[in-house]
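S.K.: Below you will find the structure I want to go over with you.
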Amino acid sequence: MNISKKTLQQIERAIRKIAQKFPVEEEVSLLTDIHLLVSQETGELRAFDDDDNEITRVVIDEWIDNKDDDFFDAVTRALRDVLKNLQDVVDNLGLLKPYSFVLQNDDKEDLAELYVADDDTIIIGGDLMKGLDKDLNDFFKDLMK
């Protein structure tokens, strides 16, 4: 599934709305996660806090009744790309660190951790350790020689 420029702009607006709800202040919010719920049926992208209070929502036309097998993989990539592009905004929310952006489905099951911010450490989800097993095996073989 290809993600259109319009869809990326809609996601970006939703992330910016979340940031507006949590401006940087002297006293930070105790919220620890922002849950992004995506509905393949309705095309909605909704954001919730830890107490299931809705923060914002947007309907993405391209996602309504989308039956693609790779729907959530494509959505995950798109959300990570937008969060990475808005890193300055996302990393400076008025939230107590560490906090996360977590992707969920209609059943509120966690599908992916999209972004984790913890003071000076920022982790953008995905396979950050790709190839680590091979590297460790190669290192071990060289060490045993």
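Residues are named by chain letter and number: chains run A, B, ... in the order of the structure tokens, numbers start at 1 in each chain, and ligands are numbered from 1 in the order shown.
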Excluding Leu111 (chain A) and residues on its chain fewer than 6 positions from it, collect all residues at most 10 Å away from it, counting only C-alpha atoms, and give them as a list in words.
M.R.: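 Everything that qualifies: Leu37, Phe72, Asp73, Thr76, Val102, Leu103, Gln104 and Asn105 of chain A.
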S.K.: Export N, CA, C and O atoms of the chosen residues as a short mmCIF file (atom, residue, chain, number, x, y, z; two decimals), in the first residue's frame?
M.R.:
```
data_model
loop_
_atom_site.label_atom_id
_atom_site.label_comp_id
_atom_site.auth_asym_id
_atom_site.auth_seq_id
_atom_site.Cartn_x
_atom_site.Cartn_y
_atom_site.Cartn_z
N LEU A 37 -4.67 4.82 17.77
CA LEU A 37 -5.54 3.74 17.35
C LEU A 37 -5.95 3.97 15.91
O LEU A 37 -6.47 5.04 15.57
N PHE A 72 -1.38 -2.47 8.16
CA PHE A 72 -0.77 -1.99 9.40
C PHE A 72 0.74 -1.82 9.27
O PHE A 72 1.33 -0.97 9.93
N ASP A 73 1.38 -2.59 8.41
CA ASP A 73 2.81 -2.39 8.16
C ASP A 73 3.04 -1.03 7.50
O ASP A 73 3.94 -0.28 7.89
N THR A 76 2.30 1.73 10.00
CA THR A 76 3.42 1.82 10.96
C THR A 76 4.57 2.61 10.36
O THR A 76 5.12 3.51 11.01
N VAL A 102 2.42 4.60 20.78
CA VAL A 102 2.16 3.18 20.55
C VAL A 102 1.00 3.04 19.57
O VAL A 102 -0.04 3.69 19.73
N LEU A 103 1.19 2.20 18.55
CA LEU A 103 0.14 1.93 17.56
C LEU A 103 -0.73 0.79 18.06
O LEU A 103 -0.22 -0.23 18.50
N GLN A 104 -2.06 1.00 17.97
CA GLN A 104 -3.01 -0.02 18.37
C GLN A 104 -4.03 -0.24 17.25
O GLN A 104 -4.28 0.65 16.45
N ASN A 105 -4.66 -1.42 17.28
CA ASN A 105 -5.73 -1.70 16.32
C ASN A 105 -7.09 -1.42 16.97
O ASN A 105 -7.15 -0.93 18.10
#
```
S.K.: Please provide as a list in words all residues within 12 Å of Gln9 (chain A), with the sequence filter that same-chain residues fewer than 4 positions apart are discarded (counting only C-alpha atoms).
M.R.: Ile3, Ser4, Lys5, Arg13, Ala14, Ile15, Arg16, Val58, Ile60, Ala78, Leu79, Asp81, Val82, Leu83, Asn85 and Leu86 of chain A
S.K.: May I have the residues within 7 Å of region 29-34 of chain A as an mmCIF file with all heavy atoms, in the first residue's frame, using only C-alpha atoms and disregarding those fewer than 4 positions away in the same chain?
M.R.:
```
data_model
loop_
_atom_site.group_PDB
_atom_site.id
_atom_site.type_symbol
_atom_site.label_atom_id
_atom_site.label_comp_id
_atom_site.auth_asym_id
_atom_site.auth_seq_id
_atom_site.Cartn_x
_atom_site.Cartn_y
_atom_site.Cartn_z
ATOM 1 N N ALA A 47 -6.053 9.418 18.793
ATOM 2 C CA ALA A 47 -5.013 9.434 19.807
ATOM 3 C C ALA A 47 -5.671 9.481 21.182
ATOM 4 O O ALA A 47 -6.622 10.236 21.399
ATOM 5 C CB ALA A 47 -4.109 10.643 19.620
ATOM 6 N N PHE A 48 -5.161 8.633 22.093
ATOM 7 C CA PHE A 48 -5.675 8.543 23.453
ATOM 8 C C PHE A 48 -4.535 8.678 24.449
ATOM 9 O O PHE A 48 -3.397 8.318 24.147
ATOM 10 C CB PHE A 48 -6.349 7.178 23.686
ATOM 11 C CG PHE A 48 -7.588 6.964 22.886
ATOM 12 C CD1 PHE A 48 -7.528 6.363 21.640
ATOM 13 C CD2 PHE A 48 -8.827 7.350 23.372
ATOM 14 C CE1 PHE A 48 -8.666 6.156 20.895
ATOM 15 C CE2 PHE A 48 -9.972 7.144 22.627
ATOM 16 C CZ PHE A 48 -9.897 6.548 21.386
ATOM 17 N N ASP A 49 -4.887 9.149 25.639
ATOM 18 C CA ASP A 49 -3.909 9.152 26.720
ATOM 19 C C ASP A 49 -4.007 7.830 27.474
ATOM 20 O O ASP A 49 -4.772 6.942 27.101
ATOM 21 C CB ASP A 49 -4.092 10.372 27.629
ATOM 22 C CG ASP A 49 -5.410 10.375 28.389
ATOM 23 O OD1 ASP A 49 -6.090 9.322 28.475
ATOM 24 O OD2 ASP A 49 -5.766 11.440 28.933
ATOM 25 N N ASP A 50 -3.259 7.710 28.566
ATOM 26 C CA ASP A 50 -3.234 6.479 29.353
ATOM 27 C C ASP A 50 -4.583 6.124 29.974
ATOM 28 O O ASP A 50 -4.850 4.975 30.276
ATOM 29 C CB ASP A 50 -2.203 6.584 30.478
ATOM 30 C CG ASP A 50 -0.788 6.524 29.959
ATOM 31 O OD1 ASP A 50 -0.564 5.888 28.921
ATOM 32 O OD2 ASP A 50 0.097 7.117 30.587
ATOM 33 N N GLY A 94 5.158 18.381 26.742
ATOM 34 C CA GLY A 94 5.127 18.628 28.185
ATOM 35 C C GLY A 94 4.712 17.382 28.942
ATOM 36 O O GLY A 94 3.777 17.426 29.736
ATOM 37 N N LEU A 95 5.406 16.285 28.687
ATOM 38 C CA LEU A 95 5.113 15.007 29.321
ATOM 39 C C LEU A 95 6.318 14.540 30.125
ATOM 40 O O LEU A 95 7.456 14.812 29.760
ATOM 41 C CB LEU A 95 4.788 13.936 28.265
ATOM 42 C CG LEU A 95 3.630 14.217 27.328
ATOM 43 C CD1 LEU A 95 3.517 13.118 26.283
ATOM 44 C CD2 LEU A 95 2.332 14.337 28.113
ATOM 45 N N LEU A 96 6.049 13.813 31.194
ATOM 46 C CA LEU A 96 7.106 13.229 31.993
ATOM 47 C C LEU A 96 7.773 12.116 31.200
ATOM 48 O O LEU A 96 7.104 11.222 30.692
ATOM 49 C CB LEU A 96 6.516 12.663 33.300
ATOM 50 C CG LEU A 96 7.497 12.068 34.288
ATOM 51 C CD1 LEU A 96 8.427 13.158 34.819
ATOM 52 C CD2 LEU A 96 6.733 11.425 35.440
ATOM 53 N N PRO A 98 10.191 8.830 30.623
ATOM 54 C CA PRO A 98 10.006 8.460 29.225
ATOM 55 C C PRO A 98 8.525 8.393 28.857
ATOM 56 O O PRO A 98 7.688 8.097 29.686
ATOM 57 C CB PRO A 98 10.635 7.061 29.153
ATOM 58 C CG PRO A 98 10.433 6.493 30.514
ATOM 59 C CD PRO A 98 10.526 7.672 31.458
ATOM 60 N N TYR A 99 8.249 8.679 27.604
ATOM 61 C CA TYR A 99 6.908 8.494 27.054
ATOM 62 C C TYR A 99 7.027 7.865 25.683
ATOM 63 O O TYR A 99 8.080 7.930 25.045
ATOM 64 C CB TYR A 99 6.100 9.793 27.015
ATOM 65 C CG TYR A 99 6.730 10.929 26.244
ATOM 66 C CD1 TYR A 99 6.532 11.056 24.871
ATOM 67 C CD2 TYR A 99 7.486 11.899 26.895
ATOM 68 C CE1 TYR A 99 7.090 12.116 24.171
ATOM 69 C CE2 TYR A 99 8.041 12.955 26.206
ATOM 70 C CZ TYR A 99 7.841 13.061 24.843
ATOM 71 O OH TYR A 99 8.396 14.102 24.149
ATOM 72 N N SER A 100 5.930 7.249 25.262
ATOM 73 C CA SER A 100 5.934 6.487 24.013
ATOM 74 C C SER A 100 4.725 6.829 23.161
ATOM 75 O O SER A 100 3.681 7.216 23.677
ATOM 76 C CB SER A 100 5.859 4.982 24.303
ATOM 77 O OG SER A 100 6.878 4.571 25.137
ATOM 78 N N PHE A 101 4.891 6.628 21.875
ATOM 79 C CA PHE A 101 3.778 6.599 20.935
ATOM 80 C C PHE A 101 3.611 5.137 20.559
ATOM 81 O O PHE A 101 4.567 4.511 20.081
ATOM 82 C CB PHE A 101 4.081 7.434 19.684
ATOM 83 C CG PHE A 101 3.922 8.906 19.889
ATOM 84 C CD1 PHE A 101 4.915 9.640 20.509
ATOM 85 C CD2 PHE A 101 2.781 9.560 19.466
ATOM 86 C CE1 PHE A 101 4.788 11.000 20.707
ATOM 87 C CE2 PHE A 101 2.640 10.925 19.655
ATOM 88 C CZ PHE A 101 3.635 11.652 20.274
ATOM 89 N N VAL A 102 2.423 4.597 20.776
ATOM 90 C CA VAL A 102 2.160 3.184 20.547
ATOM 91 C C VAL A 102 1.002 3.043 19.569
ATOM 92 O O VAL A 102 -0.036 3.685 19.732
ATOM 93 C CB VAL A 102 1.801 2.476 21.874
ATOM 94 C CG1 VAL A 102 1.513 1.004 21.644
ATOM 95 C CG2 VAL A 102 2.905 2.657 22.899
#
```
S.K.: One decimal, Å: what's the distance from CA of Leu93 (chain A) over to CA of Arg80 (chain A), could you say?
M.R.: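 Distance between the two atoms: 16.8 Å.
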S.K.: May I have all residues of chain A that DSSP, computed from the backbone, assigns to strand (DSSP E or B), given as a PyMOL selection string?
M.R.: chain A and resi 29+33-38+44-48+54-59+95+99-104+110-118+121-124
S.K.: May I ask which of the residues A:Asn137, A:Asn92, A:Thr7, A:Gln87 is the closest one to Trp63 (chain A), counting only C-alpha atoms?
M.R.: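 The shortest atom-to-atom distance to Trp63 (chain A) comes from A:Thr7.
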S.K.: Looking at A:Gln40, A:Gln20, A:Asn2, A:Asn53, which one is nearest to Arg77 (chain A), with distances taken over only C-alpha atoms?
M.R.: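 Among the listed residues, the smallest separation from Arg77 (chain A) belongs to A:Asn2.
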S.K.: How many Å lie between CA of Asp106 (chain A) and CA of Asp65 (chain A), rounded to one decimal?
M.R.: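 Going from CA of Asp106 (chain A) over to CA of Asp65 (chain A), I get 13.0 Å.
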